[in-house]
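Novice: After the structure tokens below, expect a handful of questions from me.
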Amino acid sequence: ELEDIEALGDVAAVFLLADRPVERKAAAREIQSYGVDVVERWKERAGRAQQVGDREGALRAMTASAALRPDQGELLGMLGEMYLSLGEQARAIQFFEAALGSDDYRSAWERAVSFEEGGVVHTMGFQDDRAAAFCRALAQAYEAQGDTLQAARSLRASLIIAGDEDPDRWVTVARLFQAGGDLQGAAYAAHHALDKNPRHAGTLVLLLDLYKSAGEVGQAIGYGRMAWQVAPGDPLVALTLGDLYERRGEDRAARELYIAALQQHPEVGALRVALKRVED
């Protein structure tokens, strides 16, 4: 009987992975007809297998568990984490999204992905740490696949669900949107970070970069000046803001930046090149 249940578990797992729900349900019903609750046993086996480094055994047991109870978001998410650890991003994404679409996490997930109201970020009034963790892992899987925009959206959802207001993490989201070519999404995330800490150097540097990329020189210079006040002598700020000054014909202002930055960072050759350019 035990061998029959194990074999049926493998069969149900194959149908789960093949996205054949009718056959999976039939196999699950047959397992349940034995009158034995095996989900917990398989989950425990997966945990023990992971502890001893048996990834294949852990994955086999967890997949069988999820095949028997595909309505349990936590099981699906744990399966996604296993696939992510194995470098199988497509499978990881499949199960993370199934987990977040389950009854356990759907409310948090749907509110997070449709957060935008008039271009303002709203963090949630409640937190679901497990849903937030699965969103973070989903972002990792998308980033590993090279889908930067989906990674940005998933990471942003994790911060919204968790109620996370750390400017560093919002800047990370903004950088992902920027890398994916969504400057508006990047700006929303960056401004949210700035609302939380108006003197956060990373946010101000990012806004300088974003507005420069968008061709909005006046706005870029404004954020560049704020960044210089917070981080005087920073080579990146000096070079970016100095370039904008040069575009406007304000070589003297650019020269002052380059000199001040060189005093603190004489090892940065790009500053010497820039200084030579405005002195010639």
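In the structure tokens, the first chain shown is A, the next is B, and so on; residue numbers restart at 1 for each chain, and ligands run from 1 in the order shown.
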Which residues, written as a list in words, have at least one atom at most 8 Å from A:Ala49, with only C-alpha atoms counted and residues fewer than 6 positions away on the same chain left out?

Specialist: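 Surrounding residues, per the criterion: Arg55, Gly57 and Ala58 of chain A.
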
Novice: How about saving the chosen residues, all heavy atoms kept, as an mmCIF file, in the first residue's frame?

Specialist:
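The result, written out as part_26.cif:
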```cif
data_model
loop_
_atom_site.group_PDB
_atom_site.id
_atom_site.type_symbol
_atom_site.label_atom_id
_atom_site.label_comp_id
_atom_site.auth_asym_id
_atom_site.auth_seq_id
_atom_site.Cartn_x
_atom_site.Cartn_y
_atom_site.Cartn_z
ATOM 1 N N ARG A 55 18.701 17.356 -2.795
ATOM 2 C CA ARG A 55 17.788 18.269 -3.467
ATOM 3 C C ARG A 55 16.756 17.531 -4.310
ATOM 4 O O ARG A 55 15.600 17.921 -4.363
ATOM 5 C CB ARG A 55 18.582 19.227 -4.354
ATOM 6 C CG ARG A 55 19.367 20.281 -3.597
ATOM 7 C CD ARG A 55 20.025 21.235 -4.565
ATOM 8 N NE ARG A 55 20.549 22.402 -3.899
ATOM 9 C CZ ARG A 55 21.023 23.475 -4.531
ATOM 10 N NH1 ARG A 55 21.020 23.491 -5.860
ATOM 11 N NH2 ARG A 55 21.494 24.498 -3.877
ATOM 12 N N GLY A 57 15.545 14.491 -3.871
ATOM 13 C CA GLY A 57 14.544 13.871 -3.000
ATOM 14 C C GLY A 57 13.587 14.898 -2.423
ATOM 15 O O GLY A 57 12.377 14.648 -2.314
ATOM 16 N N ALA A 58 14.132 16.066 -2.039
ATOM 17 C CA ALA A 58 13.295 17.131 -1.494
ATOM 18 C C ALA A 58 12.300 17.626 -2.544
ATOM 19 O O ALA A 58 11.113 17.817 -2.258
ATOM 20 C CB ALA A 58 14.168 18.287 -1.009
#
```

Novice: Would you please extract all alpha helix (DSSP H) residues from stretch 21-265 of chain A, as assigned by DSSP on the backbone, and give them as a ChimeraX atom specification?

Specialist: /A:21-32,39-51,55-68,73-85,89-100,106-113,129-145,148-162,167-179,183-196,201-213,217-230,235-247,251-264

Novice: Residues within 10 Å of stretch 244-261 of chain A, please, as a ChimeraX atom specification. Count only C-alpha atoms; anything in the same chain fewer than 5 positions from it doesn't count.

Specialist: /A:212,217-218,220-221,224,228,232-239,266,268,270-279

Novice: Within 8 Å of A:Gly80, counting only C-alpha atoms, which residues show up once you throw out same-chain ones fewer than 4 positions away? Write them as number ranges by chain, please.

Specialist: A: 76, 84, 91-96

Novice: Quick one: contact table of stretch 35-124 of chain A to stretch 12-31 of chain A, 6 Å max, nearest atom pair and distance in Å to one decimal per residue, counting only C-alpha atoms, chain and number order, as CSV?

Specialist:
```
residue,atom,partner,partner_atom,distance
A:Thr63,CA,A:Ala13,CA,5.5
A:Ala64,CA,A:Ala13,CA,4.8
A:Ala67,CA,A:Ala13,CA,5.3
A:Leu68,CA,A:Ala28,CA,5.3
```

Novice: Please produce a file of the residues just selected, as a compact mmCIF listing (two decimals), in the first residue's frame, where the atoms kept are C-alpha atoms.

Specialist:
```txt
# COMPACT_ATOMS: atom_id res chain seq x y z
CA THR A 63 6.11 18.29 -5.84
CA ALA A 64 3.99 15.33 -4.76
CA ALA A 67 0.12 17.92 -6.58
CA LEU A 68 -2.12 16.63 -3.83
```

Novice: Can you tell me which residues surround stretch 133-139 of chain A at a distance of at most 8 Å, considering only C-alpha atoms, apart from same-chain residues fewer than 3 positions away, and format the answer as number ranges by chain?

Specialist: A: 77, 81, 84, 92-93, 96-97, 100, 129-130, 142-143, 150-155, 157-158

Novice: Once you have the residues from the selection above, write them out as a PDB file, in the first residue's frame, restricted to C-alpha atoms.

Specialist:
```
ATOM      1  CA  GLY A  77       5.604  28.923  -3.007  1.00  0.00           C
ATOM      2  CA  GLU A  81      11.812  28.349  -3.867  1.00  0.00           C
ATOM      3  CA  LEU A  84      14.797  28.816  -7.859  1.00  0.00           C
ATOM      4  CA  ALA A  92      10.101  28.833 -10.150  1.00  0.00           C
ATOM      5  CA  ILE A  93       8.074  31.611 -11.785  1.00  0.00           C
ATOM      6  CA  PHE A  96       5.461  31.529  -7.360  1.00  0.00           C
ATOM      7  CA  GLU A  97       2.707  32.985  -9.541  1.00  0.00           C
ATOM      8  CA  LEU A 100       0.378  34.311  -5.246  1.00  0.00           C
ATOM      9  CA  ASP A 129       5.379  38.370   5.237  1.00  0.00           C
ATOM     10  CA  ARG A 130       5.022  35.093   3.343  1.00  0.00           C
ATOM     11  CA  TYR A 142      12.589  37.154 -13.339  1.00  0.00           C
ATOM     12  CA  GLU A 143      15.877  39.035 -12.999  1.00  0.00           C
ATOM     13  CA  GLN A 150       8.801  41.953 -14.360  1.00  0.00           C
ATOM     14  CA  ALA A 151      11.521  41.777 -11.713  1.00  0.00           C
ATOM     15  CA  ALA A 152      10.907  45.448 -10.914  1.00  0.00           C
ATOM     16  CA  ARG A 153       7.131  44.956 -10.656  1.00  0.00           C
ATOM     17  CA  SER A 154       7.500  41.886  -8.448  1.00  0.00           C
ATOM     18  CA  LEU A 155      10.016  43.544  -6.134  1.00  0.00           C
ATOM     19  CA  ALA A 157       4.869  44.379  -4.980  1.00  0.00           C
ATOM     20  CA  SER A 158       6.924  42.756  -2.217  1.00  0.00           C
TER      21      SER A 158
END
```
